[in-house]
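Reading through the structure tokens given below for one structure.
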Amino acid sequence: MPAGKLRWGILGVAKINERLIPRFSRTKNAELLAIASRSLDRAKAAAQASGIARAYGSYEALLDDPDIDAVYNPLPNTLHAEWTKKAADKGKHILCEKPLAPSAAEAQHVVDYCRSKKVCLMDGFMWPHHPRTAKLRDILDSGTLGDIRRVSGSFTFRMPKLDPSNIRLRPELAGGSLLDVGCYPVFGIRWALRTEPIEAFARAEFTNGVDVAMTGMLRFPHDRFASFDCGFTVPTRQHLEITGTNGVLSIDDMWIPPDPAEFHIFRDDDSVERFTVEGEDQIVHMIENFGRSVLEGVPLPVDPQEAVKTLCVLDALAESARKGSPIAIKHHEAC
């Protein structure tokens with residue numbers, strides 16, 4: 001590979017590409033070289049629209065390109081594991097859209113498989129890469145909020161129509177709001193508390209065999225609790241609130257921050273501290289961080305094992321929503 005540049009290909013013409021593709025040109029260590037689709041015409045149209053040099057009419061053809069070092073996998077949830085492993089077989093490093101797989105057991109297999117092939121693997125959560133997140137971590141670790149007792153989070157957006165043909169609403173493709181957007185607050189809750197929950201309870205609204213809205217509670221050791229909601233039926237909300245004995249850390253746009261990115265700390269004396277982080281793009285940081293890991297051997301900011309840990313919780317929440325009762329969270333050995 002060229003010194004200082006990781007050469008990328010994209011598997012599929014998913015809508016999320018519209019957000020990622022423009023960011024490659026803003027990075028210091030990435031070059032977007034190719035895109036693939038099951039339809040060569042669609043691949044050519046996507047390549048022409050975005051100035052991508054190479055278009056392939058199959059995912060296999062892109063993976064066979066010796067000039068591609070890494071791939072972005074934004075395929076439907078049920079195809080993440082299959083094509084991530086096929087990429088690993090070809091020696092490609094993989095940035096895979098979240099969730100890494102529909103279940104923790106399958107995700108663990110993917111992580112182990114990529115390790116055996118000695119390729120880097122990271123799932124596509126963007127918010128951990130924003131510099132604001134590092135500032136939030138510093139505040140939490142400083143102890144200024146006291147003992148963290150409660151965390152709550154949300155990620156919702158309204159679908160104009162709950163169309164059964166939509167990928168997000170197709171059960172055979174592992175659709176549903178929990179895997180699509182609920183994974184964000186669940187990961188954020190785990191990140192904030194730096195420990196694993198022991199019990200999950202959830203209620204959900206189901207349409208076409210998938211959850212379109214869910215509210216859940218997680219119980220942690222030492223009588224700490226967290227709550228979240230997610231769904232496709234109410235307006236956009238993407239907050240994370242972390243409550244300690246000495247203050248409340250509130251982030252209104254945790255998962256997709258604007259520029260500048262803000263957060264606030266509220267105290268018992270009615271004082272409010274406002275913080276801003278300007279001039280940052282979390283997608284650019286994500287691509288560059290992945291590139292540094294491959295090119296320089298720098299540890300990934302988010303180990304792929306975190307994807308498995310989050311999916312252990314999502315598995316329990318999904319089971320609880322179906323059964324209507326609390327579920328003990330079963331963590332895999334590596335969790």
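We name chains A, B, ... following the order of the structure tokens; residues begin at 1 in each chain, and ligands are numbered from 1 as shown.
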Using DSSP on the backbone coordinates, identify the residues of region 252-318 of chain A assigned to alpha helix (DSSP H); present them as a list in words.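 Here is the list: Gln282, Ile283, Val284, His285, Met286, Ile287, Glu288, Asn289, Phe290, Gly291, Arg292, Ser293, Val294, Leu295, Glu296, Gln305, Glu306, Ala307, Val308, Lys309, Thr310, Leu311, Cys312, Val313, Leu314, Asp315, Ala316, Leu317 and Ala318 of chain A.
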Which residues are close to Phe220 (chain A), i.e. within 6 Å by only C-alpha atoms, leaving aside same-chain residues fewer than 4 positions away? Reply as a VMD selection string. chain A and resid 197 to 198 224 to 225
Can you work out which one of A:Ile148, A:His239, A:Phe201, A:Met122 has the shortest atom-to-atom distance to Pro299 (chain A), counting only C-alpha atoms? A:Met122
Just want the 12 Å neighbourhood of Val272 (chain A), counted on only C-alpha atoms, with same-chain residues fewer than 3 positions away dropped. Output as a ChimeraX atom specification. /A:247-250,263-269,275
Contact residues around Glu296 (chain A) with only C-alpha atoms at 12 Å, ignoring same-chain residues under 2 positions, as a PyMOL selection string: chain A and resi 3-6+29+120+288-294+298-300
Compare A:Gly124, A:Pro102, A:Pro164, A:Pro74 by their minimum atom-to-atom distance to Val302 (chain A), counting only C-alpha atoms, and give me the closest one. A:Gly124
Selection: 9 Å around region 22-27 of chain A, only C-alpha atoms, excl. self and same-chain fewer than 4 positions, as a tab-separated table (two decimals) with C-alpha atoms, in the first residue's frame:
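The new file result.tsv reads:
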chain	number	residue	atom	x	y	z
A	17	ASN	CA	-22.60	5.99	1.93
A	18	GLU	CA	-23.85	9.51	1.26
A	31	GLU	CA	-8.01	6.97	-0.39
A	32	LEU	CA	-11.42	5.72	-1.58
A	50	SER	CA	-18.85	10.48	-6.23
A	281	ASP	CA	-15.94	15.71	12.21
A	283	ILE	CA	-16.59	10.45	10.58
A	284	VAL	CA	-13.23	11.81	9.47
A	285	HIS	CA	-11.77	10.89	12.85
A	287	ILE	CA	-11.70	6.73	9.19
A	288	GLU	CA	-8.34	8.19	10.24
Test item: residues at most 10 Å from Thr156 (chain A), only C-alpha atoms, excluding those fewer than 5 positions along its chain, as a count of residues only: 18
As a PDB file with C-alpha atoms, in the first residue's frame, please: every residue in region 152-230 of chain A that DSSP puts in strand (DSSP E).
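Once everything was written out, this is part_26.pdb:
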ATOM      1  CA  SER A 152     -30.412   7.516  30.476  1.00  0.00           C
ATOM      2  CA  GLY A 153     -30.241   7.684  26.716  1.00  0.00           C
ATOM      3  CA  SER A 154     -32.326   7.800  23.571  1.00  0.00           C
ATOM      4  CA  PHE A 155     -32.097   7.547  19.829  1.00  0.00           C
ATOM      5  CA  THR A 156     -35.302   7.986  17.878  1.00  0.00           C
ATOM      6  CA  GLU A 199     -30.444  -7.691  34.058  1.00  0.00           C
ATOM      7  CA  ALA A 200     -32.564  -6.224  31.263  1.00  0.00           C
ATOM      8  CA  PHE A 201     -36.256  -5.382  31.029  1.00  0.00           C
ATOM      9  CA  ALA A 202     -37.935  -3.984  27.936  1.00  0.00           C
ATOM     10  CA  ARG A 203     -41.305  -3.266  26.363  1.00  0.00           C
ATOM     11  CA  ALA A 204     -41.722  -2.763  22.638  1.00  0.00           C
ATOM     12  CA  GLU A 205     -44.204  -1.942  19.914  1.00  0.00           C
ATOM     13  CA  PHE A 206     -44.004  -4.415  17.048  1.00  0.00           C
ATOM     14  CA  THR A 207     -44.904  -3.955  13.390  1.00  0.00           C
ATOM     15  CA  VAL A 210     -39.872  -6.167  14.239  1.00  0.00           C
ATOM     16  CA  ASP A 211     -39.757  -3.651  17.063  1.00  0.00           C
ATOM     17  CA  VAL A 212     -40.501  -0.121  15.853  1.00  0.00           C
ATOM     18  CA  ALA A 213     -40.264   1.402  19.342  1.00  0.00           C
ATOM     19  CA  MET A 214     -38.724   0.141  22.572  1.00  0.00           C
ATOM     20  CA  THR A 215     -38.233   1.345  26.127  1.00  0.00           C
ATOM     21  CA  GLY A 216     -35.865  -0.513  28.386  1.00  0.00           C
ATOM     22  CA  MET A 217     -34.189  -0.587  31.780  1.00  0.00           C
ATOM     23  CA  LEU A 218     -30.830  -2.075  32.709  1.00  0.00           C
ATOM     24  CA  ARG A 219     -29.773  -3.070  36.213  1.00  0.00           C
ATOM     25  CA  PHE A 220     -26.108  -2.874  37.119  1.00  0.00           C
ATOM     26  CA  ARG A 224     -27.141   1.372  39.697  1.00  0.00           C
ATOM     27  CA  PHE A 225     -29.715   1.672  36.940  1.00  0.00           C
ATOM     28  CA  ALA A 226     -29.981   2.932  33.388  1.00  0.00           C
ATOM     29  CA  SER A 227     -32.876   3.506  31.020  1.00  0.00           C
ATOM     30  CA  PHE A 228     -33.196   4.100  27.293  1.00  0.00           C
ATOM     31  CA  ASP A 229     -35.680   4.307  24.490  1.00  0.00           C
ATOM     32  CA  CYS A 230     -35.386   3.971  20.740  1.00  0.00           C
TER      33      CYS A 230
END
